[in-house]
Amino acid sequence: MGRRVELSAEKQEEADKLFKKEAFNIVASDMIALNRSVSDNRDPQCSRVSYPKVMPNASVVIIFHNEAWSPLLRTVHSVVNRSPPEYLHEVILLDDFSDRAGLGEKLDGYIKDTWPDGIVKVVRAPERQGLIRARVLGAKAATGEVLVFLDSHCECNVQWLEPLVARIKESRSALLCPMIDVIDAKAMSYNGIGAGSVGGFWWSLHFSWRPLPQRERKRRKSSVETIRSPTMAGGLFAADRKYFFEIGGYDPGMDVWGGENLEISFRVWMCGGTLEFVPCSRVGHIFRSSHPYTFPGNKDTHGLNSKRLAEVWMDGYKRLFYHHRRDLLVINPQFNADAGDFSDRLQLRRDLKCKSFKWYLENVYPEKFIPDENVIAYGMVRNPSSNLCLDTLSKDEKMVFNLGLYGCQGGVSSNQLFSLSQSNELRREESCMDSVGGEGSPVKLMPCHGSRGHQEWTYNLETKVIVHSSGKCLDKVEEKNGGEVKVEKCNGKDSQIWEFENYIGPS
Ligand SMILES: [Mn+2]
């Protein structure tokens, strides 16, 4: 039933040793039945949905490279055991050039013995493809009406397939993501998650989870209805097979891993499709703490793939990506920022008559904060007498921390990009400068709450002071790199003078 595994002290020691290599508890995984059941953790409404008699069939494509035996086979067993045979056309195991023992003849033999009807097929890549190109190879080998991509360390839950194929029957241009449950990498327990999130992104083009927006809460009539999401996390999704190729599959110029999930997300929305999360389809996934495989050539594939996606899909908004990745802006032999030729992808965008990225932001992701549009001021916030600027000091912006100061970097450091929003927040993409208002209390960066109060700041263009809602002025604690900022009684001294790199004014 997906419960946690308890290990003896001896076994635990072995598990800890192997954890470093595998990034999950292989000892516990090997102790669990390959066909274990999991608890049905869907919304109770889901079991009352009735699906049409005739629905498209699916090819489930599972890519693996040196995956451990038990998670790989548990994935396959869960697919076969919990998919109605009439909708499961085949399972394609795409071996991306593994060299781990057991994944060759032993695997072929196990599959032949376990599924003699041939429902599970192994396809082997002749050389290492990387995740992105391997998925395309797997999709090309598939012949079902619907493609479902899964990672090689998943467990499908009860009735996971029916809501996916049913929705594609309704709308062939919908890309669908099952809800991803967490299989704990240490205890191997199957844990349900809520259905309250959608996908977003950072301007650095990393994926983020976002709370379910109000407009989606309003639009949906029941908890079983699909949820529109601006982006997807990546590994697990379903699409009409022909539609998947019509809109360009994956970018074959992308290497190994990274950025492909945002690329396909932007593309499907901009080119007339939709991206939806399906609350009644749940699939568990082992979230590993690191990539247990190698990146050929040690390239920054996430950066280079993201550069391709920015160049092809983001129009002028690519400036916001390059603000984070100036190293990728020019092809500099020192950094190797060559993302290859993407003229085919630009042609695809023209052929499909896709909409602009501005359309995407306005219609699909209107909550997304744009640091330099519709704001009062943006850029560096500089204290002229010290030439120090407000700076995140590279801290993790998903956390709460004291804001810092650092020598001004002439506009080239994304750590120094701040915006004064129309609602008087002094903010980053997701976090706002916040002060409880006490004299000398440090100013923090924390998630924006959008209701002013501790997060309200007004800029006086004449006196160049930044005044907090408490009436106190933004001030320096110490005049040094790494120093902090505070609010203090306004006194007109140099330490309370601030200049914005770009001042536009209230609209
Ligand atoms: Mn994975």
# chains A, B, ... in the order shown; residues from 1 in each chain; ligands from 1

$ residues_around --residues "stretch 22-29 of chain A" --least-positions-apart "5" --cutoff "9 Å" --atoms "only C-alpha atoms" --output "PDB file with C-alpha atoms, in the first residue's frame"
ATOM      1  CA  ARG A   4       7.408   3.312   4.344  1.00  0.00           C
ATOM      2  CA  VAL A   5      10.141   0.703   4.661  1.00  0.00           C
ATOM      3  CA  GLU A   6      11.816   0.276   8.049  1.00  0.00           C
ATOM      4  CA  LEU A   7      15.391  -0.983   7.805  1.00  0.00           C
ATOM      5  CA  LYS A  11      20.653  -2.581   6.248  1.00  0.00           C
ATOM      6  CA  GLN A  12      20.423   1.130   6.990  1.00  0.00           C
ATOM      7  CA  GLU A  14      24.300  -0.240   3.533  1.00  0.00           C
ATOM      8  CA  ALA A  15      21.474   2.014   2.324  1.00  0.00           C
ATOM      9  CA  ASP A  16      23.300   5.149   3.467  1.00  0.00           C
ATOM     10  CA  LEU A  34       7.782  -4.885  -7.871  1.00  0.00           C
ATOM     11  CA  GLU A  67      18.203   3.171 -13.932  1.00  0.00           C
ATOM     12  CA  ALA A  68      18.261   0.768 -10.994  1.00  0.00           C
ATOM     13  CA  SER A  70      13.609  -2.224  -8.911  1.00  0.00           C
ATOM     14  CA  PRO A  71      12.343   1.341  -9.593  1.00  0.00           C
ATOM     15  CA  ASP A 184      10.071   9.478  -0.581  1.00  0.00           C
ATOM     16  CA  ALA A 185      13.661   8.832  -1.714  1.00  0.00           C
ATOM     17  CA  LYS A 186      14.637   7.566   1.762  1.00  0.00           C
ATOM     18  CA  ALA A 187      11.631   5.610   3.061  1.00  0.00           C
ATOM     19  CA  MET A 188      10.196   4.734  -0.367  1.00  0.00           C
ATOM     20  CA  ILE A 286      10.923   9.346  -6.699  1.00  0.00           C
ATOM     21  CA  PHE A 287      12.362  12.822  -6.228  1.00  0.00           C
ATOM     22  CA  ARG A 288      16.101  12.314  -6.134  1.00  0.00           C
ATOM     23  CA  SER A 289      18.381  14.866  -4.565  1.00  0.00           C
ATOM     24  CA  SER A 290      20.848  14.870  -7.456  1.00  0.00           C
ATOM     25  CA  HIS A 291      21.284  13.618 -11.019  1.00  0.00           C
ATOM     26  CA  PRO A 292      22.681  10.125 -10.625  1.00  0.00           C
ATOM     27  CA  TYR A 293      23.869  10.167 -14.240  1.00  0.00           C
TER      28      TYR A 293
END

$ residues_around --residues "stretch 451-458 of chain A" --least-positions-apart "3" --cutoff "10 Å" --atoms "only C-alpha atoms" --output "compact mmCIF listing (two decimals) with N, CA and C atoms, in the first residue's frame"
# COMPACT_ATOMS: atom_id res chain seq x y z
N ILE A 376 7.17 51.68 -11.34
CA ILE A 376 7.55 53.08 -11.12
C ILE A 376 9.04 53.28 -11.39
N LEU A 420 10.35 49.01 -8.19
CA LEU A 420 9.33 49.66 -7.36
C LEU A 420 8.03 49.52 -8.13
N SER A 421 7.14 48.65 -7.62
CA SER A 421 5.93 48.34 -8.39
C SER A 421 4.90 49.45 -8.24
N SER A 423 2.12 49.25 -7.01
CA SER A 423 1.48 49.21 -5.69
C SER A 423 2.50 49.44 -4.57
N ASN A 424 3.61 50.11 -4.93
CA ASN A 424 4.61 50.51 -3.95
C ASN A 424 5.26 49.36 -3.18
N GLU A 425 5.51 48.29 -3.91
CA GLU A 425 6.37 47.25 -3.34
C GLU A 425 7.78 47.49 -3.89
N LEU A 426 8.78 47.25 -3.05
CA LEU A 426 10.16 47.23 -3.53
C LEU A 426 10.52 45.77 -3.63
N ARG A 427 10.63 45.27 -4.87
CA ARG A 427 10.56 43.82 -4.98
C ARG A 427 11.48 43.21 -6.02
N SER A 431 9.65 38.03 -4.31
CA SER A 431 9.79 38.46 -2.92
C SER A 431 9.86 39.97 -2.81
N CYS A 432 9.42 40.44 -1.66
CA CYS A 432 9.30 41.88 -1.41
C CYS A 432 10.12 42.29 -0.21
N MET A 433 10.61 43.52 -0.23
CA MET A 433 11.29 44.08 0.94
C MET A 433 10.24 44.32 2.01
N ASP A 434 10.56 43.86 3.22
CA ASP A 434 9.57 43.83 4.28
C ASP A 434 10.23 44.33 5.56
N SER A 435 9.54 45.21 6.28
CA SER A 435 10.07 45.68 7.56
C SER A 435 8.93 45.76 8.56
N VAL A 436 9.20 45.34 9.80
CA VAL A 436 8.17 45.48 10.83
C VAL A 436 8.09 46.94 11.29
N GLY A 437 9.06 47.76 10.89
CA GLY A 437 8.97 49.19 11.11
C GLY A 437 9.65 49.72 12.36
N VAL A 443 15.81 45.08 7.27
CA VAL A 443 14.84 44.89 6.19
C VAL A 443 15.05 43.50 5.61
N LYS A 444 13.97 42.78 5.46
CA LYS A 444 14.05 41.41 4.95
C LYS A 444 13.48 41.31 3.55
N LEU A 445 13.88 40.24 2.85
CA LEU A 445 13.19 39.86 1.62
C LEU A 445 12.34 38.64 1.94
N MET A 446 11.07 38.72 1.64
CA MET A 446 10.18 37.57 1.87
C MET A 446 9.07 37.58 0.82
N PRO A 447 8.33 36.47 0.72
CA PRO A 447 7.31 36.42 -0.34
C PRO A 447 6.37 37.63 -0.31
N CYS A 448 6.07 38.16 -1.49
CA CYS A 448 5.16 39.31 -1.57
C CYS A 448 3.76 38.87 -1.15
N LEU A 461 11.12 61.51 -5.19
CA LEU A 461 12.09 61.82 -6.25
C LEU A 461 12.90 63.09 -5.92
N VAL A 465 14.64 59.91 -0.82
CA VAL A 465 14.53 58.96 0.29
C VAL A 465 13.45 57.93 -0.05
N ILE A 466 13.64 56.72 0.52
CA ILE A 466 12.66 55.66 0.36
C ILE A 466 11.96 55.51 1.71
N VAL A 467 10.66 55.82 1.73
CA VAL A 467 9.95 55.88 3.00
C VAL A 467 9.06 54.65 3.17
N HIS A 468 9.23 53.99 4.30
CA HIS A 468 8.44 52.80 4.63
C HIS A 468 7.07 53.24 5.15
N SER A 469 6.10 52.31 5.11
CA SER A 469 4.75 52.65 5.58
C SER A 469 4.74 53.08 7.06
N SER A 470 5.78 52.72 7.80
CA SER A 470 5.89 53.14 9.20
C SER A 470 6.31 54.60 9.32
N GLY A 471 6.65 55.23 8.17
CA GLY A 471 7.11 56.62 8.19
C GLY A 471 8.61 56.74 8.33
N LYS A 472 9.29 55.60 8.51
CA LYS A 472 10.75 55.65 8.66
C LYS A 472 11.43 55.48 7.31
N CYS A 473 12.72 55.85 7.27
CA CYS A 473 13.45 55.86 6.00
C CYS A 473 14.40 54.67 5.87
N LEU A 474 14.56 54.19 4.65
CA LEU A 474 15.52 53.12 4.37
C LEU A 474 16.93 53.65 4.61

$ residues_around --residues "A:Arg319" --least-positions-apart "6" --cutoff "10 Å" --atoms "only C-alpha atoms" --output "ChimeraX atom specification"
/A:203,310-311,325-326,329

$ write_last_selection --atoms "N, CA, C and O atoms" --output "PDB file, in the first residue's frame"
ATOM      1  N   TRP A 203      12.544  34.051 -14.250  1.00  0.00           N
ATOM      2  CA  TRP A 203      13.134  34.633 -15.463  1.00  0.00           C
ATOM      3  C   TRP A 203      14.497  34.023 -15.770  1.00  0.00           C
ATOM      4  O   TRP A 203      14.998  34.142 -16.891  1.00  0.00           O
ATOM      5  N   ALA A 310      14.777  30.829 -25.148  1.00  0.00           N
ATOM      6  CA  ALA A 310      14.606  32.283 -25.048  1.00  0.00           C
ATOM      7  C   ALA A 310      14.669  32.919 -26.426  1.00  0.00           C
ATOM      8  O   ALA A 310      13.852  33.780 -26.776  1.00  0.00           O
ATOM      9  N   GLU A 311      15.635  32.485 -27.239  1.00  0.00           N
ATOM     10  CA  GLU A 311      15.807  33.070 -28.567  1.00  0.00           C
ATOM     11  C   GLU A 311      14.624  32.759 -29.487  1.00  0.00           C
ATOM     12  O   GLU A 311      14.235  33.579 -30.305  1.00  0.00           O
ATOM     13  N   ARG A 325      21.732  35.642 -17.094  1.00  0.00           N
ATOM     14  CA  ARG A 325      22.781  34.843 -17.743  1.00  0.00           C
ATOM     15  C   ARG A 325      23.521  35.676 -18.789  1.00  0.00           C
ATOM     16  O   ARG A 325      23.491  35.363 -19.973  1.00  0.00           O
ATOM     17  N   ARG A 326      24.196  36.710 -18.323  1.00  0.00           N
ATOM     18  CA  ARG A 326      24.967  37.546 -19.254  1.00  0.00           C
ATOM     19  C   ARG A 326      26.063  36.743 -19.938  1.00  0.00           C
ATOM     20  O   ARG A 326      26.469  37.049 -21.048  1.00  0.00           O
ATOM     21  N   LEU A 329      25.025  35.645 -23.306  1.00  0.00           N
ATOM     22  CA  LEU A 329      24.517  36.641 -24.242  1.00  0.00           C
ATOM     23  C   LEU A 329      25.354  36.707 -25.516  1.00  0.00           C
ATOM     24  O   LEU A 329      24.832  36.785 -26.612  1.00  0.00           O
TER      25      LEU A 329
END

$ select_by_dssp --residues "stretch 286-476 of chain A" --states "strand (DSSP E)" --output "PyMOL selection string"
chain A and resi 286+375-383+388-391+401-402+404-407+418-421+426-427+431-434+444-447+457-460+465-468+473-476

$ residues_around --residues "A:Val122" --least-positions-apart "2" --cutoff "10 Å" --atoms "only C-alpha atoms" --output "list in words"
Ile62, Val91, Ile92, Leu93, Leu94, Asp95, Gly104, Leu107, Asp108, Ile111, Gly118, Val120, Arg124, Ala125 and Gly138 of chain A

$ write_last_selection --atoms "all heavy atoms" --output "CSV table (one decimal), in the first residue's frame"
chain,number,residue,atom,x,y,z
A,62,ILE,N,8.7,5.1,-21.6
A,62,ILE,CA,9.6,5.3,-20.4
A,62,ILE,C,11.0,5.3,-20.8
A,62,ILE,O,11.5,4.3,-21.4
A,62,ILE,CB,9.3,4.1,-19.4
A,62,ILE,CG1,7.8,4.1,-19.0
A,62,ILE,CG2,10.2,4.2,-18.2
A,62,ILE,CD1,7.4,2.8,-18.3
A,91,VAL,N,3.8,-0.5,-23.9
A,91,VAL,CA,4.7,0.2,-23.0
A,91,VAL,C,6.0,0.1,-23.7
A,91,VAL,O,6.5,-1.0,-24.1
A,91,VAL,CB,4.9,-0.5,-21.6
A,91,VAL,CG1,5.9,0.3,-20.8
A,91,VAL,CG2,3.5,-0.5,-20.9
A,92,ILE,N,6.6,1.3,-24.0
A,92,ILE,CA,7.9,1.3,-24.7
A,92,ILE,C,9.0,1.7,-23.7
A,92,ILE,O,8.9,2.8,-23.1
A,92,ILE,CB,7.9,2.3,-25.9
A,92,ILE,CG1,7.0,1.6,-27.0
A,92,ILE,CG2,9.3,2.5,-26.5
A,92,ILE,CD1,6.9,2.4,-28.3
A,93,LEU,N,9.9,0.8,-23.5
A,93,LEU,CA,11.1,1.1,-22.6
A,93,LEU,C,12.2,1.5,-23.5
A,93,LEU,O,12.7,0.7,-24.3
A,93,LEU,CB,11.5,-0.2,-21.9
A,93,LEU,CG,10.7,-0.5,-20.6
A,93,LEU,CD1,11.3,-1.8,-20.0
A,93,LEU,CD2,10.7,0.6,-19.6
A,94,LEU,N,12.5,2.8,-23.5
A,94,LEU,CA,13.6,3.3,-24.4
A,94,LEU,C,14.9,3.3,-23.6
A,94,LEU,O,15.1,4.1,-22.7
A,94,LEU,CB,13.2,4.7,-24.9
A,94,LEU,CG,14.0,5.3,-26.1
A,94,LEU,CD1,15.4,5.7,-25.7
A,94,LEU,CD2,14.0,4.4,-27.3
A,95,ASP,N,15.8,2.4,-23.9
A,95,ASP,CA,17.1,2.3,-23.2
A,95,ASP,C,18.0,3.3,-23.8
A,95,ASP,O,18.5,3.0,-24.9
A,95,ASP,CB,17.6,0.9,-23.2
A,95,ASP,CG,19.0,0.7,-22.6
A,95,ASP,OD1,19.4,1.7,-22.0
A,95,ASP,OD2,19.6,-0.3,-22.8
A,104,GLY,N,20.5,-5.4,-19.8
A,104,GLY,CA,20.6,-6.0,-21.2
A,104,GLY,C,19.7,-7.2,-21.3
A,104,GLY,O,18.5,-7.1,-21.2
A,107,LEU,N,17.1,-8.0,-18.6
A,107,LEU,CA,15.9,-7.3,-18.7
A,107,LEU,C,15.0,-7.8,-19.8
A,107,LEU,O,13.8,-8.0,-19.6
A,107,LEU,CB,16.2,-5.8,-19.0
A,107,LEU,CG,15.0,-4.9,-19.2
A,107,LEU,CD1,14.2,-4.7,-17.9
A,107,LEU,CD2,15.4,-3.5,-19.7
A,108,ASP,N,15.6,-8.1,-20.9
A,108,ASP,CA,14.8,-8.7,-22.1
A,108,ASP,C,14.1,-10.0,-21.6
A,108,ASP,O,12.9,-10.2,-21.9
A,108,ASP,CB,15.8,-9.0,-23.2
A,108,ASP,CG,16.3,-7.8,-23.9
A,108,ASP,OD1,15.7,-6.7,-23.7
A,108,ASP,OD2,17.3,-7.9,-24.6
A,111,ILE,N,11.2,-9.4,-19.2
A,111,ILE,CA,10.0,-8.9,-19.8
A,111,ILE,C,9.3,-9.9,-20.6
A,111,ILE,O,8.1,-10.1,-20.6
A,111,ILE,CB,10.4,-7.7,-20.7
A,111,ILE,CG1,10.7,-6.5,-19.8
A,111,ILE,CG2,9.4,-7.3,-21.7
A,111,ILE,CD1,11.4,-5.3,-20.5
A,118,GLY,N,3.7,-9.5,-25.2
A,118,GLY,CA,4.5,-8.5,-26.0
A,118,GLY,C,4.0,-7.0,-25.7
A,118,GLY,O,4.4,-6.1,-26.5
A,120,VAL,N,4.9,-5.1,-23.5
A,120,VAL,CA,6.1,-4.2,-23.1
A,120,VAL,C,7.2,-4.5,-24.1
A,120,VAL,O,7.6,-5.6,-24.4
A,120,VAL,CB,6.6,-4.6,-21.7
A,120,VAL,CG1,7.8,-3.7,-21.3
A,120,VAL,CG2,5.4,-4.4,-20.7
A,124,ARG,N,16.3,0.1,-28.0
A,124,ARG,CA,17.6,0.5,-27.5
A,124,ARG,C,18.2,1.6,-28.4
A,124,ARG,O,18.3,1.4,-29.6
A,124,ARG,CB,18.6,-0.7,-27.3
A,124,ARG,CG,18.0,-1.7,-26.3
A,124,ARG,CD,19.1,-2.6,-25.8
A,124,ARG,NE,18.5,-3.8,-25.2
A,124,ARG,CZ,18.2,-3.8,-23.9
A,124,ARG,NH1,18.5,-2.8,-23.1
A,124,ARG,NH2,17.6,-4.9,-23.4
A,125,ALA,N,18.7,2.7,-27.8
A,125,ALA,CA,19.3,3.7,-28.6
A,125,ALA,C,20.7,3.2,-29.0
A,125,ALA,O,21.4,2.7,-28.1
A,125,ALA,CB,19.4,5.0,-27.8
A,138,GLY,N,11.7,7.5,-28.5
A,138,GLY,CA,10.6,6.6,-28.0
A,138,GLY,C,9.3,7.0,-28.6
A,138,GLY,O,8.5,6.1,-28.9

$ residues_around --residues "stretch 147-160 of chain A" --least-positions-apart "4" --cutoff "8 Å" --atoms "only C-alpha atoms" --output "JSON, numbers by chain"
{"A": [38, 39, 40, 58, 59, 60, 61, 62, 63, 64, 67, 71, 72, 74, 75, 78, 79, 82, 83, 135, 139, 142, 164, 178, 235, 236, 237, 238, 239, 240, 241, 280, 281, 282, 283, 284, 285, 286]}

$ atom_distance --atom1 "atom CA of A:Ala134" --atom2 "atom CA of A:Gly258"
13.6 Å

$ select_by_dssp --residues "stretch 208-295 of chain A" --states "helix (DSSP H, G or I)" --output "number ranges by chain"
A: 214-219, 241-246, 260-270

$ residues_around --residues "stretch 220-233 of chain A" --least-positions-apart "6" --cutoff "9 Å" --atoms "only C-alpha atoms" --output "VMD selection string"
chain A and resid 43 45 to 46 49 167 176 to 177 195 197 to 201 207 to 209 212 261 to 266 269 274 to 280 360 to 361 364 to 365
